[in-house]
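Engineer: This one is data.csv, CSV, C-alpha atoms and all ligand atoms.
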chain,number,residue,atom,x,y,z
R,1,ASP,CA,-19.6,-32.2,-1.0
R,2,SER,CA,-19.2,-33.0,2.7
R,3,LYS,CA,-17.0,-30.0,3.4
R,4,ARG,CA,-18.4,-27.0,5.2
R,5,PHE,CA,-18.4,-24.7,2.1
R,6,GLY,CA,-18.8,-27.5,-0.5
R,7,GLY,CA,-20.9,-26.2,-3.5
R,8,LYS,CA,-20.3,-22.5,-2.5
R,9,VAL,CA,-18.5,-19.9,-4.7
R,10,THR,CA,-16.5,-17.1,-3.2
R,11,LEU,CA,-15.2,-14.0,-4.9
R,12,VAL,CA,-12.0,-12.6,-3.3
R,13,THR,CA,-10.6,-9.2,-4.3
R,14,GLY,CA,-7.0,-8.4,-3.6
R,15,ALA,CA,-6.7,-12.1,-3.9
R,16,ALA,CA,-3.0,-12.1,-4.9
R,17,GLY,CA,-2.1,-10.1,-1.7
R,18,ASN,CA,-1.2,-11.4,1.7
R,19,ILE,CA,-4.6,-11.4,3.4
R,20,GLY,CA,-6.6,-12.2,0.2
R,21,LEU,CA,-4.5,-15.2,-0.7
R,22,ALA,CA,-4.4,-16.6,2.9
R,23,THR,CA,-8.2,-16.3,3.1
R,24,ALA,CA,-8.8,-17.8,-0.4
R,25,GLN,CA,-6.6,-20.8,0.7
R,26,ARG,CA,-8.6,-21.2,3.9
R,27,LEU,CA,-12.0,-21.0,2.1
R,28,ALA,CA,-10.7,-23.4,-0.5
R,29,ALA,CA,-9.7,-25.9,2.2
R,30,SER,CA,-13.3,-25.6,3.4
R,31,GLY,CA,-14.5,-26.6,0.0
R,32,SER,CA,-15.5,-23.3,-1.7
R,33,ALA,CA,-14.7,-22.7,-5.3
R,34,ILE,CA,-12.7,-19.4,-5.6
R,35,ALA,CA,-12.8,-16.6,-8.1
R,36,LEU,CA,-9.6,-14.5,-7.5
R,37,LEU,CA,-9.8,-10.9,-8.5
R,38,ASP,CA,-6.6,-8.7,-8.5
R,39,LEU,CA,-4.6,-6.6,-10.9
R,40,ALA,CA,-3.6,-8.7,-13.9
R,41,GLY,CA,-0.1,-10.2,-13.6
R,42,GLU,CA,2.2,-13.0,-12.6
R,43,LYS,CA,1.3,-12.5,-8.9
R,44,LEU,CA,-2.4,-13.3,-9.7
R,45,ASP,CA,-1.5,-16.3,-11.8
R,46,GLU,CA,0.6,-17.7,-9.1
R,47,ALA,CA,-2.2,-17.1,-6.5
R,48,VAL,CA,-4.6,-19.0,-8.7
R,49,ARG,CA,-2.2,-22.0,-8.9
R,50,THR,CA,-1.7,-21.9,-5.1
R,51,VAL,CA,-5.5,-22.0,-4.4
R,52,ALA,CA,-6.2,-24.6,-7.1
R,53,ALA,CA,-3.7,-26.9,-5.3
R,54,ALA,CA,-6.4,-27.3,-2.5
R,55,GLY,CA,-8.4,-29.3,-5.1
R,56,VAL,CA,-11.1,-26.7,-5.7
R,57,THR,CA,-12.0,-24.8,-8.9
R,58,ALA,CA,-10.0,-21.6,-8.9
R,59,ARG,CA,-10.0,-18.9,-11.6
R,60,GLY,CA,-8.2,-15.6,-11.9
R,61,TYR,CA,-9.7,-12.3,-13.1
R,62,GLY,CA,-7.4,-9.5,-13.9
R,63,CYS,CA,-9.3,-6.3,-13.0
R,64,ASP,CA,-8.7,-2.8,-11.6
R,65,VAL,CA,-11.4,-2.3,-9.0
R,66,THR,CA,-11.4,1.5,-9.8
R,67,ASP,CA,-13.0,0.7,-13.2
R,68,ALA,CA,-16.7,0.3,-12.4
R,69,ALA,CA,-17.6,-1.1,-15.9
R,70,GLY,CA,-14.7,-3.5,-15.7
R,71,VAL,CA,-15.8,-4.7,-12.3
R,72,GLN,CA,-19.3,-5.3,-13.5
R,73,ALA,CA,-18.0,-7.2,-16.5
R,74,VAL,CA,-15.8,-9.4,-14.3
R,75,VAL,CA,-18.7,-10.1,-11.9
R,76,ASP,CA,-20.9,-11.1,-14.8
R,77,GLN,CA,-18.1,-13.4,-16.1
R,78,VAL,CA,-17.6,-15.0,-12.7
R,79,VAL,CA,-21.4,-15.8,-12.6
R,80,ALA,CA,-21.1,-17.1,-16.1
R,81,ASP,CA,-18.1,-19.3,-15.2
R,82,PHE,CA,-19.3,-20.6,-11.8
R,83,GLY,CA,-23.1,-20.2,-12.0
R,84,GLN,CA,-23.3,-18.1,-8.8
R,85,ILE,CA,-21.5,-16.0,-6.1
R,86,ASP,CA,-22.4,-17.0,-2.6
R,87,PHE,CA,-19.7,-15.2,-0.6
R,88,LEU,CA,-17.7,-12.0,-1.3
R,89,PHE,CA,-14.5,-11.1,0.5
R,90,ASN,CA,-14.1,-7.4,-0.6
R,91,ASN,CA,-10.5,-6.9,0.4
R,92,ALA,CA,-8.4,-5.1,-2.3
R,93,GLY,CA,-6.7,-2.0,-0.8
R,94,TYR,CA,-3.8,0.4,-0.8
R,95,GLN,CA,-2.1,2.0,2.2
R,96,GLY,CA,-1.1,5.3,0.7
R,97,ALA,CA,1.5,7.9,1.7
R,98,PHE,CA,2.5,8.8,5.2
R,99,ALA,CA,2.5,12.6,5.9
R,100,PRO,CA,0.8,15.0,8.3
R,101,VAL,CA,-2.5,16.2,6.9
R,102,GLN,CA,-1.2,19.7,6.1
R,103,ASP,CA,1.5,18.1,3.8
R,104,TYR,CA,-0.5,15.0,2.6
R,105,PRO,CA,-0.1,14.8,-1.2
R,106,VAL,CA,-3.4,15.7,-2.9
R,107,GLU,CA,-3.1,13.1,-5.7
R,108,ASP,CA,-2.3,10.3,-3.3
R,109,PHE,CA,-5.4,11.2,-1.2
R,110,ALA,CA,-7.6,10.8,-4.3
R,111,ARG,CA,-5.8,7.6,-5.3
R,112,VAL,CA,-6.4,6.0,-1.8
R,113,MET,CA,-10.1,7.0,-1.8
R,114,THR,CA,-10.6,5.8,-5.4
R,115,ILE,CA,-9.1,2.4,-4.7
R,116,ASN,CA,-10.2,1.7,-1.2
R,117,VAL,CA,-13.7,3.4,-1.2
R,118,CYS,CA,-14.9,3.6,-4.8
R,119,GLY,CA,-13.2,0.3,-5.7
R,120,ALA,CA,-14.9,-1.5,-2.7
R,121,PHE,CA,-18.2,0.1,-3.6
R,122,HIS,CA,-18.0,-1.0,-7.3
R,123,VAL,CA,-17.4,-4.6,-6.2
R,124,LEU,CA,-20.1,-4.5,-3.5
R,125,ARG,CA,-22.6,-3.0,-5.9
R,126,ALA,CA,-22.1,-5.4,-8.8
R,127,VAL,CA,-22.0,-8.5,-6.5
R,128,SER,CA,-25.0,-7.5,-4.4
R,129,ARG,CA,-27.1,-7.0,-7.5
R,130,HIS,CA,-26.5,-10.7,-8.3
R,131,MET,CA,-27.1,-11.7,-4.6
R,132,VAL,CA,-30.3,-9.7,-4.4
R,133,ALA,CA,-31.7,-11.6,-7.4
R,134,ARG,CA,-30.8,-14.9,-5.6
R,135,LYS,CA,-31.9,-13.8,-2.2
R,136,PHE,CA,-28.7,-15.1,-0.7
R,137,GLY,CA,-25.3,-13.6,0.1
R,138,ARG,CA,-22.6,-13.2,2.7
R,139,ILE,CA,-20.2,-10.3,2.4
R,140,VAL,CA,-17.1,-9.4,4.4
R,141,ASN,CA,-15.4,-6.0,3.7
R,142,THR,CA,-11.8,-5.4,4.8
R,143,ALA,CA,-11.7,-2.2,6.9
R,144,SER,CA,-8.8,-1.6,9.4
R,145,MET,CA,-8.3,-0.3,12.9
R,146,ALA,CA,-7.2,2.9,11.0
R,147,GLY,CA,-10.9,3.2,10.3
R,148,VAL,CA,-11.8,3.0,14.0
R,149,GLY,CA,-9.3,5.5,15.4
R,150,GLY,CA,-7.5,7.8,12.9
R,151,PRO,CA,-3.8,7.0,13.1
R,152,PRO,CA,-1.3,9.9,12.7
R,153,ASN,CA,0.0,10.7,9.2
R,154,MET,CA,-2.6,8.5,7.5
R,155,ALA,CA,-5.3,10.9,6.5
R,156,ALA,CA,-6.4,9.2,3.4
R,157,TYR,CA,-6.1,5.6,4.6
R,158,GLY,CA,-7.8,6.3,7.8
R,159,ALA,CA,-10.7,8.2,6.1
R,160,SER,CA,-11.0,5.5,3.5
R,161,LYS,CA,-11.4,2.8,6.2
R,162,PHE,CA,-13.9,4.8,8.2
R,163,ALA,CA,-15.8,4.9,4.9
R,164,ILE,CA,-15.6,1.2,4.6
R,165,ILE,CA,-17.2,0.8,8.0
R,166,GLY,CA,-19.9,3.2,7.1
R,167,LEU,CA,-20.5,1.4,3.7
R,168,THR,CA,-20.7,-1.9,5.6
R,169,GLN,CA,-23.4,-0.4,7.9
R,170,THR,CA,-25.5,1.1,5.1
R,171,ALA,CA,-25.2,-2.0,2.9
R,172,SER,CA,-26.2,-4.3,5.8
R,173,LYS,CA,-29.4,-2.3,6.1
R,174,ASP,CA,-30.1,-2.1,2.4
R,175,LEU,CA,-29.4,-5.8,1.8
R,176,ALA,CA,-31.0,-7.4,5.0
R,177,PRO,CA,-34.4,-7.8,3.3
R,178,TYR,CA,-32.7,-10.1,0.7
R,179,ASN,CA,-31.0,-12.5,3.1
R,180,ILE,CA,-27.6,-10.9,2.5
R,181,ARG,CA,-25.4,-10.2,5.5
R,182,VAL,CA,-22.6,-7.6,5.3
R,183,ASN,CA,-19.9,-7.4,7.9
R,184,ALA,CA,-16.4,-6.0,8.2
R,185,ILE,CA,-13.1,-7.0,9.7
R,186,SER,CA,-10.5,-4.6,11.0
R,187,PRO,CA,-7.0,-5.9,11.3
R,188,ALA,CA,-4.4,-3.7,13.0
R,189,PHE,CA,-0.7,-4.3,13.0
R,190,MET,CA,0.1,-7.4,10.9
R,191,GLY,CA,3.6,-8.7,10.4
R,192,PRO,CA,6.2,-9.5,9.6
R,193,GLY,CA,6.5,-8.5,5.9
R,194,PHE,CA,6.3,-5.7,3.5
R,195,MET,CA,3.3,-3.9,4.9
R,196,TRP,CA,4.8,-3.9,8.4
R,197,ASP,CA,8.2,-2.8,7.2
R,198,ARG,CA,6.7,-0.1,5.0
R,199,GLN,CA,4.6,1.5,7.7
R,200,VAL,CA,7.4,1.4,10.3
R,201,GLU,CA,9.8,3.0,7.9
R,202,LEU,CA,7.4,5.6,6.6
R,203,GLN,CA,6.1,6.5,10.1
R,204,ALA,CA,9.8,7.1,11.1
R,205,LYS,CA,10.4,9.3,8.2
R,206,THR,CA,7.5,11.7,9.0
R,207,GLY,CA,9.4,12.9,12.1
R,208,SER,CA,6.2,13.3,14.0
R,209,GLN,CA,5.9,13.5,17.8
R,210,TYR,CA,4.2,10.2,17.9
R,211,PHE,CA,7.0,8.0,16.7
R,212,SER,CA,10.8,7.8,16.8
R,213,THR,CA,12.8,8.6,13.6
R,214,ASP,CA,14.5,5.2,14.1
R,215,PRO,CA,12.4,2.5,12.4
R,216,LYS,CA,13.5,-0.1,14.9
R,217,VAL,CA,12.2,2.0,17.8
R,218,VAL,CA,9.0,2.7,15.8
R,219,ALA,CA,8.4,-1.0,15.6
R,220,GLU,CA,8.8,-1.3,19.4
R,221,GLN,CA,6.5,1.7,20.0
R,222,MET,CA,3.8,0.2,17.8
R,223,ILE,CA,4.1,-3.2,19.5
R,224,ASN,CA,4.0,-1.6,23.0
R,225,SER,CA,0.7,0.1,22.1
R,226,VAL,CA,-0.9,-3.4,21.6
R,227,PRO,CA,-2.2,-5.1,24.8
R,228,MET,CA,-1.1,-8.5,23.6
R,229,ARG,CA,2.4,-7.0,22.9
R,230,ARG,CA,2.9,-8.5,19.4
R,231,TYR,CA,1.8,-7.9,15.9
R,232,GLY,CA,-0.8,-10.2,14.4
R,233,ASP,CA,0.0,-13.0,12.0
R,234,ILE,CA,-1.8,-13.0,8.6
R,235,LYS,CA,-3.0,-16.5,9.5
R,236,GLU,CA,-5.1,-15.0,12.3
R,237,ILE,CA,-7.4,-13.4,9.8
R,238,PRO,CA,-8.9,-16.1,7.5
R,239,GLY,CA,-10.7,-17.9,10.3
R,240,VAL,CA,-12.5,-14.7,11.3
R,241,VAL,CA,-13.6,-14.1,7.7
R,242,GLU,CA,-14.8,-17.7,7.5
R,243,PHE,CA,-16.8,-17.2,10.7
R,244,LEU,CA,-18.5,-14.1,9.2
R,245,LEU,CA,-19.3,-15.9,5.9
R,246,GLY,CA,-20.6,-19.1,7.6
R,247,ASP,CA,-23.7,-19.8,9.6
R,248,ASP,CA,-22.1,-19.4,13.0
R,249,SER,CA,-22.6,-15.7,12.5
R,250,SER,CA,-26.2,-16.1,11.2
R,251,TYR,CA,-27.6,-13.3,13.4
R,252,MET,CA,-24.7,-10.8,12.8
R,253,THR,CA,-24.8,-8.1,10.2
R,254,GLY,CA,-23.4,-4.6,10.0
R,255,VAL,CA,-20.7,-5.3,12.5
R,256,ASN,CA,-17.0,-4.6,12.4
R,257,LEU,CA,-14.8,-7.1,14.1
R,258,PRO,CA,-11.4,-5.9,15.3
R,259,ILE,CA,-8.4,-8.3,14.8
R,260,ALA,CA,-6.1,-6.2,16.8
R,261,GLY,CA,-4.5,-7.9,19.9
R,262,GLY,CA,-6.7,-6.0,22.3
R,301,LIG,P1,-1.4,-6.5,0.0
R,301,LIG,O1,-0.8,-5.3,-0.6
R,301,LIG,O2,-0.6,-7.8,0.2
R,301,LIG,O3,-2.7,-6.9,-0.8
R,301,LIG,C1,-3.6,-6.0,-1.4
R,301,LIG,C2,-4.0,-6.5,-2.8
R,301,LIG,O4,-4.9,-5.6,-3.4
R,301,LIG,C3,-2.7,-6.6,-3.7
R,301,LIG,O5,-2.6,-7.9,-4.3
R,301,LIG,C4,-3.0,-5.5,-4.8
R,301,LIG,O6,-2.6,-5.9,-6.1
R,301,LIG,C5,-4.6,-5.5,-4.8
R,301,LIG,N1,-5.0,-4.2,-5.3
R,301,LIG,C6,-4.5,-2.9,-5.0
R,301,LIG,N2,-5.1,-2.0,-5.8
R,301,LIG,C7,-6.0,-2.7,-6.6
R,301,LIG,C8,-6.9,-2.3,-7.6
R,301,LIG,N3,-7.0,-1.0,-8.0
R,301,LIG,N4,-7.6,-3.3,-8.2
R,301,LIG,C9,-7.5,-4.6,-7.9
R,301,LIG,N5,-6.7,-5.0,-6.9
R,301,LIG,C10,-5.9,-4.1,-6.3
R,301,LIG,O7,-2.0,-6.1,1.4
R,301,LIG,P2,-2.8,-6.9,2.5
R,301,LIG,O8,-2.2,-6.7,3.8
R,301,LIG,O9,-3.1,-8.3,2.0
R,301,LIG,O10,-4.2,-6.0,2.4
R,301,LIG,C11,-5.4,-6.5,2.2
R,301,LIG,C12,-6.5,-5.6,2.8
R,301,LIG,O11,-6.2,-5.5,4.2
R,301,LIG,C13,-6.4,-4.1,2.3
R,301,LIG,O12,-7.7,-3.6,2.2
R,301,LIG,C14,-5.7,-3.4,3.5
R,301,LIG,O13,-6.0,-2.0,3.5
R,301,LIG,C15,-6.2,-4.2,4.7
R,301,LIG,N6,-5.4,-4.1,5.9
R,301,LIG,C16,-4.1,-4.6,5.9
R,301,LIG,C17,-3.4,-4.5,7.1
R,301,LIG,C18,-2.0,-5.0,7.2
R,301,LIG,O14,-1.3,-4.7,8.2
R,301,LIG,N7,-1.6,-5.9,6.3
R,301,LIG,C19,-4.0,-4.0,8.3
R,301,LIG,C20,-5.3,-3.5,8.2
R,301,LIG,C21,-6.0,-3.6,7.0
Written as structure tokens, that's how I'd like the structure from this file.
Ligand code: NAD

Structural biologist:
Amino acid sequence: DSKRFGGKVTLVTGAAGNIGLATAQRLAASGSAIALLDLAGEKLDEAVRTVAAAGVTARGYGCDVTDAAGVQAVVDQVVADFGQIDFLFNNAGYQGAFAPVQDYPVEDFARVMTINVCGAFHVLRAVSRHMVARKFGRIVNTASMAGVGGPPNMAAYGASKFAIIGLTQTASKDLAPYNIRVNAISPAFMGPGFMWDRQVELQAKTGSQYFSTDPKVVAEQMINSVPMRRYGDIKEIPGVVEFLLGDDSSYMTGVNLPIAGG
């Protein structure tokens, strides 16, 4: 295959979501076969059809990343179906509740950590065992700017994304001897859409000193905190992931690239 990623196989988690699907489409356009992992359902089936339309092999795997044994079974199945996994985009995640730390719901904190940290670890562990055996692998974890500076009212999400950056650094060291590079991306405010509306509305509802109680004003406040004075488009993410998976980043591992407008 003459395309850049022809003959490669990529596993994308959270592949039915905004960033996962946009990235899966981009990698498919570059010739990679795609294994799409997400919670089972119509959204995943639809995403598989969308990616397959690029003319590559695409298969869906319904899986909850919090289930370690289930993740291992899916990774084994992907290897059985495709023969190998060259690239991992470890991207499934959940934003959690918005509340000041003293009121943050205990159960939601555990849920965010279980999905974002344990889930990402389960996938990273299972895929890296396969990559270690092949002595080849490129991994990109989705962190967040919430994992670089802790945003108000997001105790669980912020902590979980700090953890992803730490996991990226440790994994990059553990896996470097096996020709496996592990990097992270950190998007900030992405919009428009559900995630943007949800965080604007929920930040307004907390009534904190940091944001207005009017969601429209919160949106302006957030945008005004960005040097480039706009939110990012989902389409501005996949190219950065492709860069970190491909050979243009051949001497980079353990880094976290902000995609944040400054
Ligand atoms: P999204 O909600 O569109 O996609 C997330 C996907 O993860 C969904 O399809 C969901 O079904 C899947 N998922 C959630 N829990 C899962 C589980 N237990 N098992 C398997 N799949 C599960 O959101 P998105 O914006 O595409 O987010 C993708 C990643 O980017 C997340 O890690 C998120 O934290 C991160 N992120 C997003 C933004 C943003 O503003 N959109 C900013 C920074 C970081």

Engineer: Pick from R:Gly96, R:Pro215, R:Pro227, R:Gly62: nearest to Ile115 of chain R, with only C-alpha atoms counted?

Structural biologist: R:Gly96

Engineer: Compare R:Ala68, R:Ala24, R:Ala143, R:Ala33 by their minimum atom-to-atom distance to ligand LIG 301 (chain R), counting all atoms listed in the file, and give me the closest one.

Structural biologist: R:Ala143

Engineer: Counting only C-alpha atoms and all ligand atoms, give me one row per residue of chain R with an atom at most 7 Å from an atom of ligand LIG 301 (chain R), showing the shortest contact pair and its distance in Å to one decimal, sorted by chain then residue number, as JSON lines.

Structural biologist:
{"residue": "R:Thr13", "atom": "CA", "partner": "R:LIG301", "partner_atom": "N5", "distance": 6.3}
{"residue": "R:Gly14", "atom": "CA", "partner": "R:LIG301", "partner_atom": "O4", "distance": 3.5}
{"residue": "R:Ala15", "atom": "CA", "partner": "R:LIG301", "partner_atom": "O5", "distance": 5.9}
{"residue": "R:Ala16", "atom": "CA", "partner": "R:LIG301", "partner_atom": "O5", "distance": 4.3}
{"residue": "R:Gly17", "atom": "CA", "partner": "R:LIG301", "partner_atom": "O2", "distance": 3.3}
{"residue": "R:Asn18", "atom": "CA", "partner": "R:LIG301", "partner_atom": "O9", "distance": 3.6}
{"residue": "R:Ile19", "atom": "CA", "partner": "R:LIG301", "partner_atom": "O9", "distance": 3.7}
{"residue": "R:Gly20", "atom": "CA", "partner": "R:LIG301", "partner_atom": "O9", "distance": 5.5}
{"residue": "R:Leu37", "atom": "CA", "partner": "R:LIG301", "partner_atom": "C9", "distance": 6.7}
{"residue": "R:Asp38", "atom": "CA", "partner": "R:LIG301", "partner_atom": "N5", "distance": 4.0}
{"residue": "R:Leu39", "atom": "CA", "partner": "R:LIG301", "partner_atom": "C9", "distance": 4.6}
{"residue": "R:Cys63", "atom": "CA", "partner": "R:LIG301", "partner_atom": "C9", "distance": 5.7}
{"residue": "R:Asp64", "atom": "CA", "partner": "R:LIG301", "partner_atom": "N4", "distance": 3.6}
{"residue": "R:Val65", "atom": "CA", "partner": "R:LIG301", "partner_atom": "N4", "distance": 4.0}
{"residue": "R:Thr66", "atom": "CA", "partner": "R:LIG301", "partner_atom": "N3", "distance": 5.4}
{"residue": "R:Asn91", "atom": "CA", "partner": "R:LIG301", "partner_atom": "O12", "distance": 4.7}
{"residue": "R:Ala92", "atom": "CA", "partner": "R:LIG301", "partner_atom": "O4", "distance": 3.7}
{"residue": "R:Gly93", "atom": "CA", "partner": "R:LIG301", "partner_atom": "O12", "distance": 3.5}
{"residue": "R:Tyr94", "atom": "CA", "partner": "R:LIG301", "partner_atom": "C6", "distance": 5.4}
{"residue": "R:Gln95", "atom": "CA", "partner": "R:LIG301", "partner_atom": "O13", "distance": 5.7}
{"residue": "R:Ile115", "atom": "CA", "partner": "R:LIG301", "partner_atom": "N3", "distance": 5.2}
{"residue": "R:Asn116", "atom": "CA", "partner": "R:LIG301", "partner_atom": "O12", "distance": 6.8}
{"residue": "R:Gly119", "atom": "CA", "partner": "R:LIG301", "partner_atom": "N3", "distance": 6.7}
{"residue": "R:Thr142", "atom": "CA", "partner": "R:LIG301", "partner_atom": "O12", "distance": 5.2}
{"residue": "R:Ala143", "atom": "CA", "partner": "R:LIG301", "partner_atom": "C21", "distance": 5.9}
{"residue": "R:Ser144", "atom": "CA", "partner": "R:LIG301", "partner_atom": "C20", "distance": 4.2}
{"residue": "R:Met145", "atom": "CA", "partner": "R:LIG301", "partner_atom": "C20", "distance": 6.4}
{"residue": "R:Ser186", "atom": "CA", "partner": "R:LIG301", "partner_atom": "C20", "distance": 6.0}
{"residue": "R:Pro187", "atom": "CA", "partner": "R:LIG301", "partner_atom": "C20", "distance": 4.3}
{"residue": "R:Ala188", "atom": "CA", "partner": "R:LIG301", "partner_atom": "C19", "distance": 4.7}
{"residue": "R:Phe189", "atom": "CA", "partner": "R:LIG301", "partner_atom": "O14", "distance": 4.9}
{"residue": "R:Met190", "atom": "CA", "partner": "R:LIG301", "partner_atom": "O14", "distance": 4.1}
{"residue": "R:Gly191", "atom": "CA", "partner": "R:LIG301", "partner_atom": "O14", "distance": 6.7}
{"residue": "R:Met195", "atom": "CA", "partner": "R:LIG301", "partner_atom": "N7", "distance": 5.5}
{"residue": "R:Trp196", "atom": "CA", "partner": "R:LIG301", "partner_atom": "O14", "distance": 6.2}

Engineer: I need the residue nearest Pro258 of chain R from this list: R:Ala219, R:Ala176, R:Val123, R:Ile165. Use all atoms listed in the file for the distance.

Structural biologist: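 Closest candidate: R:Ile165.
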
Engineer: Show which residues sit within 9 Å of Gly158 of chain R, as a ChimeraX atom specification. Count all atoms listed in the file, and ignore same-chain residues fewer than 5 positions away.

Structural biologist: /R:144-152,163

Engineer: Closest to Gln72 of chain R among R:Phe136, R:Leu124, R:Asp247, R:Asp174, using only C-alpha atoms?

Structural biologist: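 The shortest atom-to-atom distance to Gln72 of chain R comes from R:Leu124.
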
Engineer: Rounded to one decimal, what separation in Å do you get between atom CA of Val12 of chain R and atom CA of His122 of chain R?

Structural biologist: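 So the two atoms, atom CA of Val12 of chain R and atom CA of His122 of chain R, lie 13.7 Å apart.
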
Engineer: Pick out the closest residue to Ala120 of chain R from this set: R:Lys135, R:Lys235, R:Lys43, R:Lys161. Count all atoms listed in the file.

Structural biologist: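 With all atoms listed in the file as the atom set, the closest residue is R:Lys161.
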
Engineer: R:Leu11, R:Val218, R:Gly6, R:Gln203: which is nearest Val71 of chain R, counting all atoms listed in the file?

Structural biologist: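 Between R:Leu11, R:Val218, R:Gly6, R:Gln203, the residue approaching Val71 of chain R most closely is R:Leu11.
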
Engineer: Excluding Ser2 of chain R and any residue of its chain fewer than 2 positions from it, enumerate the residues within 10 Å of it, using only C-alpha atoms, and give them as a VMD selection string.

Structural biologist: chain R and resid 4 to 7 30 to 31

Engineer: In file coordinates, which residues lie within 12 Å of (-22.6, -13.4, 5.1) using all atoms listed in the file, given as a PyMOL selection string?

Structural biologist: chain R and resi 10+85-90+128+131+135-141+168+171-172+175-176+178-184+240-255

Engineer: So that I can check the surroundings of segment 104-112 of chain R, please list as a list in words every protein, DNA and RNA residue that reaches within 8 Å of it, counting only C-alpha atoms and ignoring chain neighbours fewer than 6 positions away.

Structural biologist: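 Once the nearby chain positions are removed, what remains is Tyr94, Gln95, Gly96, Ala97, Phe98, Asn153, Ala155, Ala156, Tyr157 and Ser160 of chain R.
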